[in-house]
Amino acid sequence: MQHFTSVHDVENPATLLQDALMMKRNPLKFKKLGKDKTLGMLFFNPSLRTRMSTEKAALNLGMQVISLNASEGWKLEMTEGVVMNGDKAEHIIEAAGVISQYCDILGVRSFPTLTDRASDYRDDVISKFKKYAKVPVVSLEGSMVHPLQSLADWLTIETLKTKKRPKVVLTWAPHPKALPQAVPNSFVEWMKQAEVDLVITHPKGYELSTQFTDGVTIEYNQNQAFKDADFIYAKNWSAYEPYGQILNMDPNWTISPEKMALTDNGKFMHCLPVRRNQIVMDAVIDSPNSIVLEQANNRTFAAMAVLKNLLR
Ligand code: SN0
């Protein structure tokens with residue numbers, strides 16, 4: 001593995017999952033592996049779980065960590081060949097080159113513009129860091145996918161499933177802000193690697209890009225989709241077409257106890273942060289079937305598996 005920016009960077013995703021399972025069983029087994037190595041993390045957007053779990057992962061592996069809130073400093077120019085006479089003080093070519101001298105692995109978080117779809121779906125910021133950094137690049141959520149989250153989600157399902165092939169439902173839910181498609185895109189592409197029956201449910205108009213959903217069942221009736229489900233993964237996303245728009249705020253899509261009653265004692269999942277009583281009713285997220293904290297816990301072990309592989 002050269003970088004970790006999507007499932008496509010991973011030669012064998014199932015082996016990476018096994019590594020994450022091993023890390024969960026024995027988090028300090030490789031505490032000397034990262035000695036004298038530095039993880040650098042650049043956040044162009046806010047982070048709670050990704051930042052802390054990835055730092056924790058690096059510390060468990062014996063690494064040092066340097067994090068930078070990159071939205072506070074110079075604005076970086078991302079386009080090659082331009083006359084830099086605007087507000088951007090530094091080109092990514094130098095920034096990536098400099099950071100590569102301080103760090104052995106570089107993590108980058110960059111949300112989508114939600115206005116320029118072509119740029120977002122090239123994952124422009126992370127792709128440019130891959131191009132100009134001299135060290136492995138880890139996506140800490142890019143504009144198109146969030147692979148560290150998805151690996152942790154897979155680990156969560158793997159450790160809590162009670163059937164060999166569980167039914168996993170990804171459901172859209174209403175939200176007051178236009179949100180990225182990165183989490184659902186990524187969840188779908190990782191679930192394609194897993195032994196699960198995946199169903200996506202959302203109101204008409206919220207179809208994700210077919211580059212992710214090709215071959216996956218889409219059920220527009222949420223109640224129908226929830227039938228006999230083992231895992232309900234709720235997430236809001238804005239429309240892919242028209243790009244970045246909110247089309248619907250229908251509270252009937254909020255995950256309620258009545259909806260969960262349609263499942264086969266289904267577990268409730270969300271990547272967090274979550275808007276209570278908008279995405280999910282308190283009675284669901286506070287119920288014993290809610291596994292959102294376990295998902296967040298597993299972020300550390302997913303990140304450890306990734307860092308371990310990149311350190312090798
Ligand atoms: C991000 C998203 O991709 O949807 C991060 C999820 C890991 N979520 C948000 O930005 C939520 C913001 C809000 O105001 O609720």
# chains A, B, ... in the order shown; residues from 1 in each chain; ligands from 1
>>> residues_near_ligand(ligand="ligand 1", cutoff="8 Å", atoms="only C-alpha atoms and all ligand atoms", output="ChimeraX atom specification")
/A:47,50,111,141,146,149,175-177,179-183,235-237,271-275
>>> residues_around(residues="Ala118 (chain A)", least_positions_apart="4", cutoff="12 Å", atoms="only C-alpha atoms", output="JSON, numbers by chain")
{"A": [112, 113, 114, 122, 123, 124, 143, 144, 240, 243]}
>>> closest_atom_pairs(of="region 206-243 of chain A", to="region 288-300 of chain A", cutoff="12 Å", atoms="only C-alpha atoms", output="CSV")
residue,atom,partner,partner_atom,distance
A:Asp230,CA,A:Asn289,CA,10.3
A:Phe231,CA,A:Asn289,CA,9.5
A:Ile232,CA,A:Ser290,CA,9.6
A:Tyr233,CA,A:Val292,CA,9.7
A:Ala234,CA,A:Val292,CA,10.5
>>> write_last_selection(atoms="all heavy atoms", output="mmCIF file, in the first residue's frame")
data_model
loop_
_atom_site.group_PDB
_atom_site.id
_atom_site.type_symbol
_atom_site.label_atom_id
_atom_site.label_comp_id
_atom_site.auth_asym_id
_atom_site.auth_seq_id
_atom_site.Cartn_x
_atom_site.Cartn_y
_atom_site.Cartn_z
ATOM 1 N N ASP A 230 -30.347 -6.058 9.685
ATOM 2 C CA ASP A 230 -29.516 -6.297 10.866
ATOM 3 C C ASP A 230 -28.774 -5.031 11.296
ATOM 4 O O ASP A 230 -28.465 -4.856 12.471
ATOM 5 C CB ASP A 230 -28.507 -7.417 10.570
ATOM 6 C CG ASP A 230 -29.219 -8.716 10.226
ATOM 7 O OD1 ASP A 230 -29.856 -9.287 11.133
ATOM 8 O OD2 ASP A 230 -29.193 -9.114 9.048
ATOM 9 N N PHE A 231 -28.457 -4.184 10.318
ATOM 10 C CA PHE A 231 -27.768 -2.923 10.610
ATOM 11 C C PHE A 231 -28.435 -1.795 9.815
ATOM 12 O O PHE A 231 -28.651 -1.942 8.605
ATOM 13 C CB PHE A 231 -26.283 -3.001 10.219
ATOM 14 C CG PHE A 231 -25.492 -3.986 11.041
ATOM 15 C CD1 PHE A 231 -25.342 -5.306 10.621
ATOM 16 C CD2 PHE A 231 -24.897 -3.602 12.238
ATOM 17 C CE1 PHE A 231 -24.624 -6.233 11.384
ATOM 18 C CE2 PHE A 231 -24.168 -4.525 13.001
ATOM 19 C CZ PHE A 231 -24.029 -5.831 12.581
ATOM 20 N N ILE A 232 -28.746 -0.713 10.515
ATOM 21 C CA ILE A 232 -29.269 0.491 9.857
ATOM 22 C C ILE A 232 -28.181 1.554 9.968
ATOM 23 O O ILE A 232 -27.833 1.982 11.084
ATOM 24 C CB ILE A 232 -30.555 1.000 10.556
ATOM 25 C CG1 ILE A 232 -31.669 -0.047 10.463
ATOM 26 C CG2 ILE A 232 -30.984 2.352 9.982
ATOM 27 C CD1 ILE A 232 -32.159 -0.342 9.061
ATOM 28 N N TYR A 233 -27.635 1.962 8.821
ATOM 29 C CA TYR A 233 -26.603 3.007 8.805
ATOM 30 C C TYR A 233 -27.261 4.285 8.290
ATOM 31 O O TYR A 233 -27.613 4.379 7.113
ATOM 32 C CB TYR A 233 -25.459 2.603 7.874
ATOM 33 C CG TYR A 233 -24.190 3.402 8.059
ATOM 34 C CD1 TYR A 233 -23.043 2.810 8.572
ATOM 35 C CD2 TYR A 233 -24.119 4.760 7.727
ATOM 36 C CE1 TYR A 233 -21.877 3.538 8.750
ATOM 37 C CE2 TYR A 233 -22.960 5.492 7.910
ATOM 38 C CZ TYR A 233 -21.835 4.879 8.418
ATOM 39 O OH TYR A 233 -20.682 5.599 8.603
ATOM 40 N N ALA A 234 -27.479 5.241 9.178
ATOM 41 C CA ALA A 234 -28.141 6.485 8.785
ATOM 42 C C ALA A 234 -27.094 7.535 8.427
ATOM 43 O O ALA A 234 -26.026 7.602 9.047
ATOM 44 C CB ALA A 234 -29.020 6.996 9.919
#
>>> atom_distance(atom1="CA of Met281 (chain A)", atom2="CA of Ala261 (chain A)")
13.3 Å
>>> residues_around(residues="Leu247 (chain A)", least_positions_apart="5", cutoff="9 Å", atoms="only C-alpha atoms", output="mmCIF file with N, CA and C atoms, in the first residue's frame")
data_model
loop_
_atom_site.group_PDB
_atom_site.id
_atom_site.type_symbol
_atom_site.label_atom_id
_atom_site.label_comp_id
_atom_site.auth_asym_id
_atom_site.auth_seq_id
_atom_site.Cartn_x
_atom_site.Cartn_y
_atom_site.Cartn_z
ATOM 1 N N GLY A 205 -34.252 11.384 -6.099
ATOM 2 C CA GLY A 205 -33.471 12.607 -6.283
ATOM 3 C C GLY A 205 -32.140 12.556 -5.536
ATOM 4 N N TYR A 206 -32.032 11.660 -4.540
ATOM 5 C CA TYR A 206 -30.802 11.562 -3.753
ATOM 6 C C TYR A 206 -29.884 10.432 -4.204
ATOM 7 N N SER A 238 -26.190 15.529 0.582
ATOM 8 C CA SER A 238 -26.850 16.421 -0.371
ATOM 9 C C SER A 238 -26.908 15.701 -1.718
ATOM 10 N N ALA A 239 -27.699 16.253 -2.635
ATOM 11 C CA ALA A 239 -27.910 15.583 -3.923
ATOM 12 C C ALA A 239 -26.632 15.593 -4.769
ATOM 13 N N PRO A 242 -29.322 17.833 -8.746
ATOM 14 C CA PRO A 242 -28.367 18.940 -8.925
ATOM 15 C C PRO A 242 -27.380 18.973 -7.756
#
>>> atom_distance(atom1="CA of Ala95 (chain A)", atom2="CA of Val145 (chain A)")
23.2 Å
>>> closest_residue(among="A:Leu33, A:Met84, A:Val7, A:Leu21", to="Lys192 (chain A)", atoms="only C-alpha atoms")
A:Val7
>>> select_by_dssp(residues="region 102-289 of chain A", states="strand (DSSP E or B)", output="PyMOL selection string")
chain A and resi 105-109+137-139+167-172+197-201+217-218+231-235+255+267-269+276+280
>>> closest_residue(among="A:Leu42, A:Ile66, A:Asn265, A:Ile157", to="Ser110 (chain A)", atoms="only C-alpha atoms")
A:Leu42
>>> select_by_dssp(residues="region 139-260 of chain A", states="helix (DSSP H, G or I)", output="ChimeraX atom specification")
/A:147-160,182-191,210-213,222-226,251-253,257-260
>>> write_last_selection(atoms="N, CA and C atoms", output="compact mmCIF listing (two decimals), in the first residue's frame")
# COMPACT_ATOMS: atom_id res chain seq x y z
N PRO A 147 -12.36 6.84 3.73
CA PRO A 147 -12.02 5.43 3.89
C PRO A 147 -11.72 4.99 5.33
N LEU A 148 -11.15 5.87 6.16
CA LEU A 148 -10.87 5.45 7.55
C LEU A 148 -12.19 5.18 8.29
N GLN A 149 -13.20 5.99 8.00
CA GLN A 149 -14.51 5.76 8.59
C GLN A 149 -15.09 4.43 8.13
N SER A 150 -14.99 4.18 6.83
CA SER A 150 -15.61 2.97 6.28
C SER A 150 -14.94 1.70 6.80
N LEU A 151 -13.62 1.75 6.95
CA LEU A 151 -12.93 0.57 7.48
C LEU A 151 -13.38 0.31 8.92
N ALA A 152 -13.53 1.38 9.70
CA ALA A 152 -14.02 1.24 11.08
C ALA A 152 -15.47 0.71 11.08
N ASP A 153 -16.27 1.16 10.13
CA ASP A 153 -17.66 0.69 10.04
C ASP A 153 -17.70 -0.81 9.72
N TRP A 154 -16.84 -1.22 8.82
CA TRP A 154 -16.76 -2.64 8.45
C TRP A 154 -16.33 -3.47 9.66
N LEU A 155 -15.33 -2.96 10.40
CA LEU A 155 -14.87 -3.64 11.62
C LEU A 155 -16.02 -3.76 12.62
N THR A 156 -16.82 -2.72 12.73
CA THR A 156 -17.95 -2.71 13.67
C THR A 156 -18.96 -3.78 13.28
N ILE A 157 -19.30 -3.84 12.00
CA ILE A 157 -20.27 -4.82 11.52
C ILE A 157 -19.72 -6.23 11.70
N GLU A 158 -18.46 -6.39 11.36
CA GLU A 158 -17.81 -7.71 11.46
C GLU A 158 -17.82 -8.24 12.90
N THR A 159 -17.59 -7.35 13.86
CA THR A 159 -17.49 -7.81 15.25
C THR A 159 -18.87 -7.96 15.91
N LEU A 160 -19.91 -7.31 15.37
CA LEU A 160 -21.22 -7.35 16.03
C LEU A 160 -22.28 -8.13 15.27
N ALA A 182 -19.33 11.96 0.89
CA ALA A 182 -18.13 11.14 1.10
C ALA A 182 -18.41 9.91 1.97
N VAL A 183 -19.12 10.09 3.07
CA VAL A 183 -19.35 8.95 3.97
C VAL A 183 -20.20 7.88 3.28
N PRO A 184 -21.36 8.22 2.69
CA PRO A 184 -22.13 7.17 2.01
C PRO A 184 -21.40 6.56 0.81
N ASN A 185 -20.74 7.37 -0.01
CA ASN A 185 -19.99 6.82 -1.15
C ASN A 185 -19.01 5.75 -0.67
N SER A 186 -18.26 6.13 0.36
CA SER A 186 -17.20 5.28 0.85
C SER A 186 -17.77 4.02 1.52
N PHE A 187 -18.84 4.20 2.29
CA PHE A 187 -19.46 3.05 2.95
C PHE A 187 -19.87 2.02 1.89
N VAL A 188 -20.48 2.50 0.80
CA VAL A 188 -20.94 1.58 -0.25
C VAL A 188 -19.74 0.86 -0.88
N GLU A 189 -18.67 1.59 -1.17
CA GLU A 189 -17.58 0.90 -1.87
C GLU A 189 -16.84 -0.09 -0.96
N TRP A 190 -16.83 0.17 0.34
CA TRP A 190 -16.22 -0.82 1.26
C TRP A 190 -17.16 -1.99 1.52
N MET A 191 -18.46 -1.71 1.59
CA MET A 191 -19.42 -2.81 1.83
C MET A 191 -19.44 -3.80 0.67
N THR A 210 -23.35 6.74 -9.73
CA THR A 210 -23.38 5.32 -10.09
C THR A 210 -21.98 4.70 -10.04
N GLN A 211 -20.93 5.52 -10.00
CA GLN A 211 -19.60 4.92 -9.86
C GLN A 211 -19.49 4.17 -8.53
N PHE A 212 -20.34 4.52 -7.58
CA PHE A 212 -20.36 3.80 -6.29
C PHE A 212 -21.51 2.80 -6.22
N THR A 213 -22.66 3.15 -6.77
CA THR A 213 -23.87 2.35 -6.50
C THR A 213 -24.15 1.29 -7.56
N GLN A 222 -38.55 3.43 2.35
CA GLN A 222 -37.67 3.20 3.51
C GLN A 222 -38.19 2.07 4.40
N ASN A 223 -39.51 2.02 4.60
CA ASN A 223 -40.08 0.96 5.45
C ASN A 223 -39.78 -0.42 4.87
N GLN A 224 -39.92 -0.52 3.55
CA GLN A 224 -39.63 -1.79 2.86
C GLN A 224 -38.15 -2.16 3.05
N ALA A 225 -37.29 -1.16 2.88
CA ALA A 225 -35.84 -1.41 2.99
C ALA A 225 -35.48 -1.90 4.39
N PHE A 226 -36.16 -1.37 5.41
CA PHE A 226 -35.80 -1.70 6.80
C PHE A 226 -36.19 -3.12 7.20
N PRO A 251 -39.53 14.86 7.49
CA PRO A 251 -39.27 14.23 8.80
C PRO A 251 -39.70 12.76 8.85
N ASN A 252 -40.45 12.31 7.85
CA ASN A 252 -40.80 10.88 7.82
C ASN A 252 -39.58 9.99 7.61
N TRP A 253 -38.47 10.59 7.17
CA TRP A 253 -37.25 9.80 6.96
C TRP A 253 -36.36 9.72 8.21
N PRO A 257 -38.22 4.89 16.58
CA PRO A 257 -38.41 3.53 17.13
C PRO A 257 -39.36 2.70 16.26
N GLU A 258 -40.37 3.33 15.68
CA GLU A 258 -41.31 2.60 14.81
C GLU A 258 -40.58 2.02 13.60
N LYS A 259 -39.68 2.80 13.04
CA LYS A 259 -38.90 2.31 11.87
C LYS A 259 -37.98 1.17 12.30
N MET A 260 -37.34 1.34 13.46
CA MET A 260 -36.41 0.30 13.92
C MET A 260 -37.16 -1.00 14.22
>>> atom_distance(atom1="CA of Pro136 (chain A)", atom2="CA of Asn309 (chain A)")
10.5 Å
>>> residues_around(residues="Val108 (chain A)", least_positions_apart="5", cutoff="7 Å", atoms="only C-alpha atoms", output="PyMOL selection string")
chain A and resi 41-43+126+138-140
>>> residues_around(residues="Tyr102 (chain A)", least_positions_apart="4", cutoff="8 Å", atoms="only C-alpha atoms", output="JSON, numbers by chain")
{"A": [38, 40, 98]}
>>> residues_around(residues="region 196-203 of chain A", least_positions_apart="3", cutoff="7 Å", atoms="only C-alpha atoms", output="PyMOL selection string")
chain A and resi 165-172+206+216-222+225
>>> write_last_selection(atoms="C-alpha atoms", output="short mmCIF file (atom, residue, chain, number, x, y, z; two decimals), in the first residue's frame")
data_model
loop_
_atom_site.label_atom_id
_atom_site.label_comp_id
_atom_site.auth_asym_id
_atom_site.auth_seq_id
_atom_site.Cartn_x
_atom_site.Cartn_y
_atom_site.Cartn_z
CA ARG A 165 -24.39 -12.58 5.85
CA PRO A 166 -26.22 -9.71 7.58
CA LYS A 167 -28.56 -7.29 5.83
CA VAL A 168 -27.07 -3.80 5.95
CA VAL A 169 -29.20 -0.79 5.04
CA LEU A 170 -27.73 2.62 4.25
CA THR A 171 -30.50 5.15 4.74
CA TRP A 172 -30.63 8.85 3.95
CA TYR A 206 -30.80 11.56 -3.75
CA VAL A 216 -26.30 -2.20 -5.41
CA THR A 217 -30.04 -2.51 -4.61
CA ILE A 218 -31.80 0.85 -4.22
CA GLU A 219 -35.20 0.74 -2.49
CA TYR A 220 -37.10 4.04 -2.44
CA ASN A 221 -39.54 2.82 0.23
CA GLN A 222 -37.67 3.20 3.51
CA ALA A 225 -35.84 -1.41 2.99
#
>>> closest_residue(among="A:Ile105, A:Ala70, A:Ile92, A:Ala178", to="Gln245 (chain A)", atoms="only C-alpha atoms")
A:Ala178
>>> closest_residue(among="A:Phe30, A:Cys103, A:Asp120, A:Phe301", to="Thr54 (chain A)", atoms="only C-alpha atoms")
A:Phe301
